[in-house]
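Trainee: First the structure, then my questions, so here it is.
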Amino acid sequence: LNLRRSLCHASATNDEEASAKAAAASADSGGPTIFDKIIAKEIPSSIVYEDEKVLAFRDINPQAPVHVLVIPKFRNGLTQLSKAEPKHTEILGHLLHAAKVVAEKEGIMDRFRVVINNGPGACQSVYHLHLHVLGGRQMKWPPG
Ligand code: TR5
């Protein structure tokens with residue numbers, strides 16, 4: 001776990017972010033996450049797009065000039081993509097479409113990447129499904 005922490009947190013911008021991630025990194029508890037407070041607007045975020053089903057807001061620790069998270073407002077068991085069931089197909093499609101709308105709004109339609117980290121081994125740190133929309137620089141491959 002320590003190795004995983006250092007692999008996943010090497011780019012953390014400050015101690016607060018690193019410790020928030022460390023606290024969340026180990027498991028999918030099914031409990032509330034920081035994103036519930038962002039959805040409830042108890043914690044401010046920089047909102048890029050919002051509709052009745054999804055919220056898109058800027059990542060606090062951006063990995064590219066454009067780094068937006070797209071999340072379902074109602075988690076409905078979708079702590080991570082590996083929990084997806086047939087009942088989730090509509091919201092999963094809605095999230096992907098919202099990612100495209102975000103790319104359009106941000107002016108990166110011809111050069112963006114959508115990422116879902118699933119589980120500790122993929123550096124997932126918040127257990128509320130989210131799509132990362134990244135762009136505004138040359139995106140490299142493989143992503144690492
Ligand atoms: O590592 P995964 O894929 O789970 O992505 C979680 C993302 O949430 C990371 O890129 C974090 O930088 C981001 N994050 C974490 C917090 C946060 C945030 N983005 C916006 N606002 C945030 N607040 C207020 N608090 C966080 N702990």
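Naming works like this for the structure tokens: A, B, ... for the chains as they're shown, residue 1 at the start of each chain, ligands 1 onward in shown order.
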How close does chain A get to ligand 1? List, as a tab-separated table, each residue of chain A within 6 Å, its nearest atom pair and the distance in Å to one decimal, counting only C-alpha atoms and all ligand atoms.

Mentor:
```
residue	atom	partner	partner_atom_place_in_ligand_line	distance
A:Ala20	CA	ligand 1	27 (N)	5.5
A:Ile34	CA	ligand 1	27 (N)	5.9
A:Arg58	CA	ligand 1	20 (C)	5.9
A:Asp59	CA	ligand 1	19 (N)	3.8
A:Ile60	CA	ligand 1	20 (C)	4.0
A:Asn61	CA	ligand 1	12 (O)	4.2
A:Asn117	CA	ligand 1	3 (O)	4.6
A:Cys123	CA	ligand 1	1 (O)	5.2
A:Gln124	CA	ligand 1	4 (O)	3.5
A:Ser125	CA	ligand 1	4 (O)	3.5
A:Val126	CA	ligand 1	4 (O)	4.1
```

Trainee: Generate a file of the selected residues that holds C-alpha atoms, formatted as a PDB file, in the first residue's frame.

Mentor:
```pdb
ATOM      1  CA  ALA A  20      -7.263  13.391   1.585  1.00  0.00           C
ATOM      2  CA  ILE A  34     -16.220  14.618  -0.767  1.00  0.00           C
ATOM      3  CA  ARG A  58     -12.655  21.513 -12.386  1.00  0.00           C
ATOM      4  CA  ASP A  59     -10.264  19.108 -10.685  1.00  0.00           C
ATOM      5  CA  ILE A  60      -8.557  20.687  -7.677  1.00  0.00           C
ATOM      6  CA  ASN A  61      -5.223  19.126  -8.718  1.00  0.00           C
ATOM      7  CA  ASN A 117      -9.590   5.143 -12.723  1.00  0.00           C
ATOM      8  CA  CYS A 123      -5.129   5.209  -8.355  1.00  0.00           C
ATOM      9  CA  GLN A 124      -8.844   5.739  -7.777  1.00  0.00           C
ATOM     10  CA  SER A 125      -9.067   7.929  -4.679  1.00  0.00           C
ATOM     11  CA  VAL A 126     -12.721   9.021  -4.566  1.00  0.00           C
TER      12      VAL A 126
END
```

Trainee: Please give the complete set of residues from stretch 3-142 of chain A that DSSP, run on the backbone, assigns to alpha helix (DSSP H), formatted as a ChimeraX atom specification.

Mentor: /A:3-9,15-25,34-39,89-106

Trainee: Let's have the selection written as a compact mmCIF listing (two decimals), in the first residue's frame, with C-alpha atoms.

Mentor:
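File written: out.txt
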```
# COMPACT_ATOMS: atom_id res chain seq x y z
CA LEU A 3 4.28 1.87 -2.71
CA ARG A 4 0.86 2.42 -4.21
CA ARG A 5 0.46 5.61 -2.22
CA SER A 6 3.71 7.01 -3.49
CA LEU A 7 2.90 5.96 -7.05
CA CYS A 8 -0.54 7.53 -6.92
CA HIS A 9 0.39 10.66 -4.99
CA ASP A 15 -0.17 17.90 2.02
CA GLU A 16 -3.90 18.36 2.33
CA GLU A 17 -4.57 16.84 -1.05
CA ALA A 18 -2.18 13.98 -0.37
CA SER A 19 -3.73 13.13 2.96
CA ALA A 20 -7.26 13.39 1.59
CA LYS A 21 -6.29 10.95 -1.13
CA ALA A 22 -4.47 8.65 1.28
CA ALA A 23 -7.54 8.47 3.51
CA ALA A 24 -9.74 7.53 0.59
CA ALA A 25 -7.32 5.44 -1.42
CA ILE A 34 -16.22 14.62 -0.77
CA PHE A 35 -18.21 14.69 -4.02
CA ASP A 36 -21.49 14.56 -2.07
CA LYS A 37 -20.56 17.92 -0.54
CA ILE A 38 -19.61 19.30 -3.94
CA ILE A 39 -22.97 18.17 -5.39
CA THR A 89 -26.47 2.10 -18.67
CA GLU A 90 -28.50 5.28 -19.10
CA ILE A 91 -26.43 7.33 -16.65
CA LEU A 92 -23.20 5.89 -18.07
CA GLY A 93 -24.20 7.09 -21.53
CA HIS A 94 -25.28 10.43 -20.11
CA LEU A 95 -21.88 10.87 -18.43
CA LEU A 96 -20.02 10.19 -21.68
CA HIS A 97 -22.20 12.63 -23.56
CA ALA A 98 -21.60 15.22 -20.84
CA ALA A 99 -17.83 14.65 -21.26
CA LYS A 100 -18.21 15.60 -24.92
CA VAL A 101 -20.18 18.71 -23.99
CA VAL A 102 -17.42 19.69 -21.55
CA ALA A 103 -14.75 19.20 -24.25
CA GLU A 104 -16.82 21.39 -26.58
CA LYS A 105 -17.26 24.13 -23.96
CA GLU A 106 -13.55 24.04 -23.14
```

Trainee: If we count only C-alpha atoms, what is near A:His132 at a cut-off of 7 Å, once residues fewer than 5 positions away on the same chain are taken out, given as JSON, numbers by chain?

Mentor: {"A": [67, 68, 69, 70, 114, 115, 116]}

Trainee: For atom CA of A:Tyr127 and atom CA of A:Met139, determine how far apart the two atoms are, in Å to one decimal place.

Mentor: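 That distance, rounded to one decimal, is 25.4 Å.
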
Trainee: Could you pull the residues within 6 Å of stretch 40-53 of chain A, counting only C-alpha atoms, minus those fewer than 4 positions along the same chain, as a list in words?

Mentor: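 The residues that qualify are Phe57, Arg58, Pro72 and Lys73 of chain A.
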
Trainee: For A:Arg137, please output as JSON, numbers by chain all residues within 9 Å (counting only C-alpha atoms; exclusion window: fewer than 5 positions along the same chain).

Mentor: {"A": [64, 65, 66, 111, 112]}
